[in-house]
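Asks: Next up, query06.tsv (TSV, C-alpha atoms).
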```tsv
chain	number	residue	atom	x	y	z
H	1	MET	CA	114.74	92.17	85.65
H	2	LYS	CA	115.79	95.54	84.24
H	3	GLN	CA	117.32	97.62	87.06
H	4	ILE	CA	115.54	100.91	86.37
H	5	PHE	CA	116.26	102.62	89.71
H	6	GLU	CA	119.96	103.24	88.96
H	7	ASN	CA	119.21	105.97	86.40
H	8	THR	CA	120.13	109.16	88.27
H	9	ALA	CA	119.75	111.42	85.20
H	10	THR	CA	116.02	110.60	85.08
H	11	ALA	CA	115.66	110.54	88.88
H	12	PHE	CA	117.04	114.06	89.41
H	13	ALA	CA	116.15	115.70	86.10
H	14	LEU	CA	114.02	118.35	87.84
H	15	LYS	CA	116.70	119.32	90.36
H	16	THR	CA	118.95	122.28	89.62
H	17	ASP	CA	122.59	121.99	90.68
H	18	SER	CA	121.89	124.04	93.81
H	19	GLU	CA	118.84	121.89	94.71
H	20	LEU	CA	120.98	118.78	94.24
H	21	GLU	CA	123.60	120.24	96.62
H	22	ARG	CA	120.91	121.10	99.18
H	23	ALA	CA	119.50	117.56	99.02
H	24	TYR	CA	122.97	116.10	99.51
H	25	PHE	CA	123.62	118.40	102.48
H	26	LEU	CA	120.25	117.55	104.09
H	27	PHE	CA	120.66	113.79	103.81
H	28	LYS	CA	124.21	114.07	105.17
H	29	MET	CA	122.71	115.81	108.21
H	30	ILE	CA	119.86	113.28	108.54
H	31	ALA	CA	122.39	110.41	108.43
H	32	ASN	CA	123.79	111.69	111.74
H	33	GLU	CA	121.38	110.40	114.44
H	34	PRO	CA	122.72	112.51	117.36
H	35	LEU	CA	122.51	115.58	115.13
H	36	VAL	CA	118.87	114.82	114.22
H	37	LYS	CA	117.98	114.42	117.93
H	38	MET	CA	119.74	117.66	118.84
H	39	GLY	CA	118.20	119.49	115.87
H	40	THR	CA	114.72	118.25	116.85
H	41	ILE	CA	115.10	119.55	120.42
H	42	MET	CA	116.47	122.90	119.23
H	43	THR	CA	113.79	123.32	116.56
H	44	ASN	CA	110.96	122.52	118.99
H	45	PHE	CA	112.41	125.01	121.49
H	46	ALA	CA	112.83	127.73	118.83
H	47	ILE	CA	109.25	127.32	117.62
H	48	LYS	CA	107.75	127.31	121.13
H	49	ALA	CA	109.88	130.34	122.08
H	50	HIS	CA	108.71	132.09	118.87
H	51	LEU	CA	112.28	132.62	117.71
H	52	PRO	CA	112.62	133.81	114.08
H	53	VAL	CA	113.71	130.47	112.57
H	54	GLU	CA	111.02	130.06	109.90
H	55	GLY	CA	113.19	131.55	107.13
H	56	LEU	CA	116.00	129.08	107.82
H	57	ILE	CA	113.59	126.11	108.05
H	58	ARG	CA	111.81	127.19	104.87
H	59	ALA	CA	115.05	127.51	102.88
H	60	THR	CA	116.32	124.06	103.89
H	61	VAL	CA	114.24	121.16	105.18
H	62	PHE	CA	110.79	122.67	104.42
H	63	ASP	CA	111.40	123.38	100.74
H	64	HIS	CA	112.97	119.95	100.26
H	65	PHE	CA	110.11	117.94	101.80
H	66	CYS	CA	107.11	120.28	101.25
H	67	GLY	CA	105.38	121.90	98.29
H	68	GLY	CA	104.60	125.20	100.00
H	69	VAL	CA	102.52	126.91	102.66
H	70	ASN	CA	99.21	126.65	100.73
H	71	GLU	CA	97.68	124.93	97.71
H	72	GLU	CA	98.54	127.72	95.24
H	73	ASP	CA	102.13	127.61	96.46
H	74	CYS	CA	102.29	123.92	95.46
H	75	LEU	CA	101.12	124.36	91.85
H	76	PRO	CA	104.54	125.09	90.26
H	77	VAL	CA	105.92	121.92	91.91
H	78	VAL	CA	102.85	119.94	90.79
H	79	GLU	CA	103.24	121.12	87.20
H	80	LYS	CA	107.00	120.41	87.11
H	81	MET	CA	106.49	116.82	88.31
H	82	TRP	CA	103.53	116.33	85.97
H	83	GLY	CA	105.84	117.27	83.09
H	84	LYS	CA	107.79	114.09	83.95
H	85	GLY	CA	104.66	111.96	84.32
H	86	VAL	CA	104.59	112.03	88.14
H	87	CYS	CA	101.28	112.99	89.77
H	88	SER	CA	100.84	114.77	93.11
H	89	VAL	CA	98.73	114.12	96.20
H	90	LEU	CA	98.26	117.42	98.05
H	91	ASP	CA	98.70	116.57	101.73
H	92	TYR	CA	97.67	119.21	104.27
H	93	SER	CA	100.23	118.15	106.87
H	94	VAL	CA	99.11	120.03	109.96
H	95	GLU	CA	99.19	117.57	112.90
H	96	GLY	CA	98.31	117.32	116.56
H	97	LYS	CA	95.51	119.88	116.79
H	98	GLU	CA	92.73	119.50	119.37
H	99	GLU	CA	90.17	122.27	118.81
H	100	GLU	CA	86.83	121.93	117.01
H	101	ALA	CA	87.52	125.08	115.00
H	102	THR	CA	90.75	123.51	113.68
H	103	PHE	CA	88.90	120.35	112.64
H	104	ASP	CA	86.32	122.44	110.76
H	105	GLU	CA	89.16	124.38	109.14
H	106	ALA	CA	90.81	121.09	108.06
H	107	LEU	CA	87.47	119.96	106.59
H	108	GLU	CA	87.21	123.16	104.53
H	109	LYS	CA	90.82	122.70	103.40
H	110	ILE	CA	90.16	119.13	102.16
H	111	LEU	CA	86.97	120.23	100.37
H	112	LYS	CA	89.00	122.95	98.64
H	113	ILE	CA	91.65	120.41	97.64
H	114	LEU	CA	88.91	118.20	96.13
H	115	ASN	CA	88.04	121.11	93.83
H	116	PHE	CA	91.71	121.29	92.80
H	117	VAL	CA	91.76	117.55	92.17
H	118	LYS	CA	88.72	117.71	89.94
H	119	GLU	CA	90.29	120.44	87.78
H	120	LEU	CA	93.79	118.95	87.41
H	121	ASP	CA	94.78	115.59	85.91
H	122	SER	CA	98.10	116.01	87.73
H	123	ILE	CA	96.38	115.56	91.12
H	124	PRO	CA	94.39	112.27	90.98
H	125	PHE	CA	93.83	111.87	94.75
H	126	ALA	CA	92.88	113.91	97.79
H	127	VAL	CA	94.02	112.79	101.27
H	128	PHE	CA	93.39	113.43	104.96
H	129	LYS	CA	94.34	112.03	108.37
H	130	PRO	CA	91.51	110.80	110.64
H	131	THR	CA	92.83	112.95	113.52
H	132	GLY	CA	92.64	115.97	111.24
H	133	PHE	CA	88.86	115.69	111.79
H	134	GLY	CA	88.71	114.77	115.49
H	135	ARG	CA	90.66	114.48	118.73
H	136	PHE	CA	93.14	111.62	119.01
H	137	ALA	CA	91.89	110.79	122.53
H	138	LEU	CA	88.34	110.47	121.21
H	139	PHE	CA	89.41	108.02	118.48
H	140	GLN	CA	91.31	106.13	121.18
H	141	LYS	CA	88.27	105.94	123.45
H	142	VAL	CA	86.01	104.70	120.64
H	143	SER	CA	88.70	102.17	119.57
H	144	SER	CA	88.80	100.66	123.06
H	145	ASN	CA	84.97	100.49	123.28
H	146	THR	CA	84.98	102.77	126.31
H	147	GLU	CA	81.62	104.37	127.12
H	148	LEU	CA	81.48	107.97	125.84
H	149	THR	CA	80.02	110.84	127.84
H	150	THR	CA	77.00	112.68	126.39
H	151	ASP	CA	79.26	115.49	125.14
H	152	GLU	CA	81.70	112.99	123.63
H	153	LYS	CA	78.86	111.23	121.79
H	154	LEU	CA	77.90	114.55	120.21
H	155	GLU	CA	81.58	115.23	119.42
H	156	TRP	CA	81.92	111.81	117.76
H	157	GLU	CA	78.85	112.49	115.64
H	158	ARG	CA	80.56	115.67	114.41
H	159	VAL	CA	83.67	113.65	113.49
H	160	LYS	CA	81.51	111.15	111.56
H	161	LYS	CA	79.75	114.05	109.82
H	162	ARG	CA	83.09	115.51	108.67
H	163	PHE	CA	84.12	112.13	107.25
H	164	ASP	CA	80.79	111.81	105.46
H	165	VAL	CA	80.86	115.34	104.00
H	166	VAL	CA	84.30	114.77	102.46
H	167	CYS	CA	83.54	111.25	101.20
H	168	LYS	CA	80.24	112.37	99.67
H	169	LYS	CA	81.93	115.25	97.85
H	170	ALA	CA	84.64	112.88	96.57
H	171	TYR	CA	81.89	110.52	95.38
H	172	ASP	CA	79.90	113.32	93.72
H	173	MET	CA	83.03	114.62	91.96
H	174	GLU	CA	84.28	111.10	91.09
H	175	VAL	CA	87.62	111.78	92.79
H	176	ALA	CA	89.62	109.17	94.75
H	177	LEU	CA	90.21	109.89	98.45
H	178	LEU	CA	93.08	108.42	100.50
H	179	ILE	CA	92.64	108.22	104.29
H	180	ASP	CA	95.90	107.83	106.18
H	181	GLY	CA	96.64	105.28	108.91
H	182	GLU	CA	97.79	106.34	112.38
H	183	GLU	CA	98.72	104.72	115.71
H	184	SER	CA	97.26	101.28	116.46
H	185	TRP	CA	95.48	102.35	119.66
H	186	MET	CA	93.23	104.76	117.75
H	187	GLN	CA	93.04	102.87	114.45
H	188	ASN	CA	90.06	100.55	115.16
H	189	ALA	CA	87.68	103.51	115.25
H	190	ALA	CA	89.18	104.95	112.07
H	191	ASP	CA	89.04	101.57	110.29
H	192	GLN	CA	85.36	101.15	111.13
H	193	MET	CA	84.55	104.68	109.99
H	194	VAL	CA	86.41	104.25	106.69
H	195	GLU	CA	84.76	100.88	106.07
H	196	ASP	CA	81.35	102.48	106.62
H	197	MET	CA	82.30	105.14	104.05
H	198	MET	CA	83.41	102.43	101.58
H	199	ALA	CA	80.12	100.58	102.01
H	200	LYS	CA	78.26	103.83	101.36
H	201	TYR	CA	80.32	105.39	98.53
H	202	ASN	CA	82.30	102.57	96.86
H	203	THR	CA	79.23	100.91	95.39
H	204	GLU	CA	80.10	101.49	91.71
H	205	LYS	CA	83.88	101.92	91.88
H	206	VAL	CA	86.60	102.77	94.39
H	207	VAL	CA	86.35	106.29	95.78
H	208	VAL	CA	87.46	105.85	99.41
H	209	PHE	CA	90.83	104.24	100.28
H	210	ASN	CA	91.89	103.09	103.75
H	211	THR	CA	95.54	102.56	104.76
H	212	LEU	CA	97.13	99.26	105.81
H	213	GLN	CA	100.32	99.62	107.86
H	214	MET	CA	102.02	96.30	107.23
H	215	TYR	CA	104.51	96.51	110.09
H	216	ARG	CA	101.47	95.39	112.09
H	217	TRP	CA	101.32	91.57	112.11
H	218	ASP	CA	97.49	91.55	112.18
H	219	ARG	CA	96.88	93.51	108.97
H	220	LEU	CA	96.87	90.58	106.54
H	221	GLU	CA	94.05	88.99	108.51
H	222	TYR	CA	92.26	92.36	108.57
H	223	LEU	CA	92.65	92.62	104.76
H	224	GLU	CA	91.13	89.19	104.22
H	225	GLY	CA	88.21	90.02	106.53
H	226	LEU	CA	87.58	93.36	104.80
H	227	HIS	CA	87.61	91.63	101.40
H	228	LYS	CA	85.07	89.06	102.65
H	229	ARG	CA	82.75	91.77	104.03
H	230	ALA	CA	83.05	93.78	100.79
H	231	LYS	CA	81.96	90.73	98.74
H	232	GLU	CA	79.04	90.06	101.10
H	233	LYS	CA	77.82	93.68	101.14
H	234	GLY	CA	78.67	94.50	97.52
H	235	PHE	CA	81.18	97.35	97.73
H	236	PHE	CA	84.64	97.98	96.30
H	237	VAL	CA	87.75	98.40	98.45
H	238	GLY	CA	90.58	100.91	98.04
H	239	LEU	CA	93.78	100.29	100.01
H	240	LYS	CA	96.97	102.26	100.40
H	241	VAL	CA	99.55	99.72	101.55
H	242	VAL	CA	102.53	101.08	103.51
H	243	ARG	CA	105.03	99.67	105.99
H	244	GLY	CA	104.20	102.19	108.74
H	245	ALA	CA	105.46	105.40	110.29
H	246	TYR	CA	105.18	104.97	114.08
H	247	LEU	CA	107.49	102.01	114.76
H	248	GLU	CA	109.38	103.29	117.80
H	249	LYS	CA	106.27	104.87	119.31
H	250	GLU	CA	104.30	101.60	118.95
H	251	ASN	CA	107.00	99.42	120.52
H	252	THR	CA	107.68	101.89	123.36
H	253	ARG	CA	103.99	102.15	124.29
H	254	ALA	CA	103.49	98.37	124.20
H	255	LYS	CA	106.48	97.91	126.51
H	256	GLU	CA	105.41	100.66	128.92
H	257	LYS	CA	101.83	99.40	129.16
H	258	GLY	CA	102.74	95.71	129.21
H	259	TYR	CA	100.85	94.40	126.18
H	260	PRO	CA	102.26	92.45	123.19
H	261	THR	CA	103.55	94.81	120.52
H	262	PRO	CA	101.34	95.01	117.41
H	263	ILE	CA	104.52	95.35	115.34
H	264	CYS	CA	106.18	92.48	113.44
H	265	ALA	CA	109.16	90.89	115.18
H	266	SER	CA	111.64	91.95	112.49
H	267	LYS	CA	112.12	94.12	109.41
H	268	LYS	CA	112.16	90.91	107.35
H	269	ASP	CA	108.73	89.89	108.72
H	270	THR	CA	107.39	93.34	107.82
H	271	ASP	CA	108.75	93.01	104.28
H	272	ILE	CA	107.15	89.58	103.87
H	273	ASN	CA	103.86	90.92	105.24
H	274	PHE	CA	103.95	93.94	102.91
H	275	ASP	CA	104.63	91.89	99.77
H	276	ALA	CA	101.95	89.35	100.76
H	277	ALA	CA	99.33	92.14	101.04
H	278	VAL	CA	100.29	93.56	97.63
H	279	SER	CA	100.12	90.10	96.05
H	280	TYR	CA	96.72	89.40	97.69
H	281	ILE	CA	95.31	92.67	96.32
H	282	LEU	CA	96.56	91.97	92.78
H	283	ASP	CA	94.85	88.56	92.96
H	284	ASN	CA	91.60	90.39	93.76
H	285	LEU	CA	91.77	93.51	91.57
H	286	ASP	CA	88.16	92.96	90.55
H	287	ILE	CA	87.19	94.29	94.00
H	288	ILE	CA	90.31	95.88	95.54
H	289	SER	CA	92.37	98.77	94.13
H	290	LEU	CA	95.97	99.36	95.25
H	291	PHE	CA	97.98	102.45	96.13
H	292	CYS	CA	101.41	100.97	96.94
H	293	GLY	CA	103.17	103.49	99.17
H	294	THR	CA	106.77	102.36	99.39
H	295	HIS	CA	110.36	103.62	99.29
H	296	ASN	CA	111.59	100.03	99.17
H	297	GLU	CA	113.19	99.06	95.86
H	298	SER	CA	112.70	95.30	96.35
H	299	SER	CA	108.95	95.74	96.95
H	300	SER	CA	108.70	98.04	93.92
H	301	TYR	CA	110.46	95.48	91.71
H	302	ALA	CA	108.22	92.74	93.16
H	303	LEU	CA	105.11	94.71	92.17
H	304	ILE	CA	106.52	95.33	88.67
H	305	LYS	CA	107.06	91.57	88.31
H	306	LEU	CA	103.56	90.74	89.59
H	307	LEU	CA	101.97	93.13	87.08
H	308	LYS	CA	103.93	91.51	84.29
H	309	ASP	CA	103.24	87.93	85.45
H	310	LYS	CA	99.50	88.61	85.77
H	311	ASN	CA	99.32	90.49	82.42
H	312	ILE	CA	98.10	93.66	84.11
H	313	GLU	CA	98.79	96.82	82.09
H	314	LYS	CA	101.31	99.28	83.56
H	315	SER	CA	98.73	102.03	83.15
H	316	ASP	CA	95.85	100.13	84.87
H	317	THR	CA	94.27	102.82	87.07
H	318	ARG	CA	93.56	100.27	89.83
H	319	VAL	CA	97.30	100.13	90.62
H	320	TRP	CA	99.42	103.09	91.77
H	321	PHE	CA	102.92	103.50	93.14
H	322	GLY	CA	103.43	106.28	95.70
H	323	GLN	CA	106.36	107.97	97.44
H	324	LEU	CA	106.85	111.07	99.56
H	325	TYR	CA	108.06	114.32	98.01
H	326	GLY	CA	111.76	114.85	98.72
H	327	MET	CA	112.49	111.13	98.97
H	328	SER	CA	113.12	108.20	96.59
H	329	ASP	CA	113.08	110.24	93.38
H	330	HIS	CA	115.02	107.37	91.78
H	331	ILE	CA	111.93	105.19	92.28
H	332	SER	CA	109.22	107.73	91.40
H	333	PHE	CA	110.65	109.30	88.27
H	334	ASN	CA	112.09	106.10	86.81
H	335	LEU	CA	108.76	104.29	87.30
H	336	ALA	CA	106.90	107.17	85.63
H	337	ASP	CA	109.43	107.15	82.79
H	338	GLU	CA	108.59	103.45	82.26
H	339	GLY	CA	104.85	104.22	82.06
H	340	TYR	CA	103.60	103.20	85.53
H	341	ASN	CA	101.07	105.23	87.55
H	342	VAL	CA	103.07	107.21	90.14
H	343	ALA	CA	102.04	109.85	92.65
H	344	LYS	CA	104.14	111.83	95.12
H	345	TYR	CA	102.64	112.86	98.47
H	346	LEU	CA	103.20	116.63	98.47
H	347	PRO	CA	102.87	118.01	102.03
H	348	PHE	CA	101.97	121.65	102.56
H	349	GLY	CA	100.87	124.02	105.32
H	350	PRO	CA	102.22	126.89	107.46
H	351	VAL	CA	105.89	126.26	108.35
H	352	ARG	CA	105.30	126.13	112.11
H	353	ASP	CA	102.30	123.81	111.80
H	354	VAL	CA	104.11	121.40	109.48
H	355	MET	CA	107.16	121.04	111.78
H	356	PRO	CA	105.85	117.88	113.58
H	357	TYR	CA	105.55	116.23	110.15
H	358	LEU	CA	109.05	117.31	109.12
H	359	ILE	CA	110.59	116.10	112.38
H	360	ARG	CA	108.90	112.71	111.87
H	361	ARG	CA	110.35	112.54	108.35
H	362	ALA	CA	113.87	113.23	109.64
H	363	GLU	CA	113.55	110.69	112.46
H	364	GLU	CA	112.08	108.08	110.11
H	365	ASN	CA	114.95	108.51	107.64
H	366	THR	CA	117.44	108.16	110.48
H	367	SER	CA	115.81	104.99	111.84
H	368	VAL	CA	115.26	103.17	108.50
H	369	ALA	CA	118.46	101.25	107.86
H	370	GLY	CA	119.99	102.03	104.48
H	371	GLN	CA	117.39	104.61	103.37
H	372	THR	CA	119.56	107.70	103.88
H	373	THR	CA	122.72	105.92	102.69
H	374	ARG	CA	120.96	105.00	99.44
H	375	GLU	CA	119.74	108.59	98.91
H	376	LEU	CA	123.27	109.90	99.49
H	377	THR	CA	124.84	107.35	97.13
H	378	LEU	CA	122.49	108.30	94.29
H	379	LEU	CA	122.89	112.05	94.88
H	380	LYS	CA	126.67	111.59	94.88
H	381	GLU	CA	126.48	109.69	91.58
H	382	GLU	CA	124.39	112.42	89.98
H	383	ARG	CA	126.76	115.17	91.19
H	384	LYS	CA	129.62	113.21	89.65
H	385	ARG	CA	127.71	112.63	86.39
H	386	ARG	CA	126.95	116.36	86.05
H	387	LYS	CA	130.58	117.33	86.66
H	388	ILE	CA	131.69	114.90	83.96
```
Rewrite the coordinates I just gave you, this time as structure tokens.

Replies:
Amino acid sequence: MKQIFENTATAFALKTDSELERAYFLFKMIANEPLVKMGTIMTNFAIKAHLPVEGLIRATVFDHFCGGVNEEDCLPVVEKMWGKGVCSVLDYSVEGKEEEATFDEALEKILKILNFVKELDSIPFAVFKPTGFGRFALFQKVSSNTELTTDEKLEWERVKKRFDVVCKKAYDMEVALLIDGEESWMQNAADQMVEDMMAKYNTEKVVVFNTLQMYRWDRLEYLEGLHKRAKEKGFFVGLKVVRGAYLEKENTRAKEKGYPTPICASKKDTDINFDAAVSYILDNLDIISLFCGTHNESSSYALIKLLKDKNIEKSDTRVWFGQLYGMSDHISFNLADEGYNVAKYLPFGPVRDVMPYLIRRAEENTSVAGQTTRELTLLKEERKRRKI
């Protein structure tokens, strides 16, 4: 198969020389695990102590991994990527809030983004996190089938209402809506809510997408069950398939609380699981649409091969590749250059509020074997090419 991901000229075409140098510097820092841990502690302290560090964060890690502090801020980035055939998914990346007012604010933000999506071909999806609309502890309680108090029942109804308002608007505007996956101990409640939304709004085509985190060994079985229920009830299924972002947290909690980890025994098992889910979806494209969220080159090549083997057009709108902004440009831009549907998750939000997301990105890059090394190798090659 043609090795398209080696083309650094296409991968980094949008980066100026100074942006290329910044990216190289950042990934060099991220490659150093003790430095990432120390930087995380210092950054958290500086933010809590209200020290004036926002300018430094904005000029380095924020601008590399985020589109801006608000939607309008993101538009120049969106347009630049669109010029190379890469779409954007505006991701309001404020995490860990607990107040009702914040959930209502997040709802308004997603509704505003849906208006953006409708107006711009360059933004084909909207996205939100379940815990952007309700307390984590409440999702956890519902997931474990624990009896809710009267106040909690009312609170849960408000969460369901927020989900429904967003999904209905997406349906009315004919815009696709991705709903992110989170930790396993709150995910049952989110899965059920998203499935209810699919049954309600995916009656003619896919509007609502759930997320499958394939580092969980039970997700293939869940996929098959969801497919069966969709056929029985007559609705379409949208799935974003990812490996998963909470590996260490999941394993640590399982160990502390003495239950079997929901995570696959090895990276190899996760890879097999991921590719099996993608293959299953392509076998059932009549009902299930795929957003393949991966930074893994092998899985990307596997999907390219499957599309070819099954005579599915590169431009078939039921199949998308997705990566995060600031990472794996060699995958995103080379795929787009070859004519595949590609979208970059473009996080945005106030610098302080987006810090938990950015810290997770740094930690994830540090813990994923080979990811940072690969980024550095490609950046080094492009620096060399430009000097020549």

Asks: Excluding same-chain residues fewer than 4 positions from Ala336 of chain H, what lies within 9 Å of it counting all atoms listed in the file, as a ChimeraX atom specification?

Replies: /H:84-86,331-332,340-343

Asks: Identify, on the basis of all atoms listed in the file, every residue whose closest approach to Met173 of chain H does not exceed 12 Å; exclude the query and any residue fewer than 3 positions from it along the same chain; express the result as a ChimeraX atom specification.

Replies: /H:111,113-119,124-126,166-170,176-177,201,207

Asks: By how many Å are atom CA of Ala23 of chain H and atom CA of Phe333 of chain H apart?

Replies: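 It comes out at 16.2 Å.
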
Asks: Report, in Å to a single decimal, how far apart atom CA of Ile41 of chain H and atom CA of Glu21 of chain H are.

Replies: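 Answer for the atom CA of Glu21 of chain H to atom CA of Ile41 of chain H separation: 25.3 Å.
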
Asks: Considering all atoms listed in the file, state which residue in the set H:Arg58, H:Lys28, H:Arg243, H:Lys37 is at the smallest distance from Val354 of chain H.

Replies: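 Counting all atoms listed in the file, the residue closest to Val354 of chain H is H:Arg58.
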
Asks: Kindly give the distance, in Å, that separates atom CA of Phe209 of chain H and atom CA of Ser289 of chain H, rounded to a single decimal.

Replies: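 Atom CA of Ser289 of chain H lies 8.4 Å from atom CA of Phe209 of chain H.
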
Asks: Identify the residues around (109.4, 111.8, 79.7) within a radius of 12 Å, measuring from all atoms listed in the file in the coordinates stated by the file, and give them as an MDAnalysis selection string.

Replies: chainID H and resid 9:11 13:14 80:86 333:340

Asks: So that I can see what lies close to Tyr280 of chain H, please list as a list in words the residues with an atom at most 9 Å from it, counting all atoms listed in the file and leaving out residues fewer than 6 positions away in the same chain.

Replies: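 Using all atoms listed in the file, the neighbours found are Leu220, Leu223 and Glu224 of chain H.
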
Asks: How would you write as JSON, numbers by chain the residues that get within 7 Å of (93.4, 113.9, 117.6) in the file's frame, counting all atoms listed in the file?

Replies: {"H": [96, 97, 98, 131, 132, 134, 135, 136, 137]}

Asks: Please determine, counting only C-alpha atoms, which residue among H:Ser328, H:Thr43, H:Asn7, H:Thr60 has the shortest atom-to-atom distance to Pro356 of chain H.

Replies: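 For Pro356 of chain H, the nearest of the candidates is H:Thr43.
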
Asks: Using all atoms listed in the file for the distances, tell me which of H:Lys160, H:Leu346, H:Leu56, H:Phe235 is nearest to Pro76 of chain H.

Replies: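 Of H:Lys160, H:Leu346, H:Leu56, H:Phe235, the one nearest Pro76 of chain H is H:Leu346, counting all atoms listed in the file.
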
Asks: Counting all atoms listed in the file, which residue out of H:Ala106, H:Lys387, H:Gly244, H:Ile359 sits closest to Ile30 of chain H?

Replies: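 Ranked by minimum distance to Ile30 of chain H, first place goes to H:Ile359.
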
Asks: Which residues, written as a PDB file with C-alpha atoms, in the frame of the given file, have at least one atom at most 7 Å from Leu212 of chain H, with only C-alpha atoms counted and residues fewer than 6 positions away on the same chain left out?

Replies:
```
ATOM      1  CA  GLY H 181      96.640 105.280 108.910  1.00  0.00           C
ATOM      2  CA  ARG H 219      96.880  93.510 108.970  1.00  0.00           C
ATOM      3  CA  LEU H 239      93.780 100.290 100.010  1.00  0.00           C
ATOM      4  CA  LYS H 240      96.970 102.260 100.400  1.00  0.00           C
ATOM      5  CA  VAL H 241      99.550  99.720 101.550  1.00  0.00           C
ATOM      6  CA  VAL H 242     102.530 101.080 103.510  1.00  0.00           C
TER       7      VAL H 242
END
```

Asks: Would you pick out the contacts of Pro260 of chain H at 12 Å or less, using all atoms listed in the file, so that residues sharing its chain but fewer than 5 positions from it are not included, and give the list as a PyMOL selection string?

Replies: chain H and resi 216-217+250-255+265
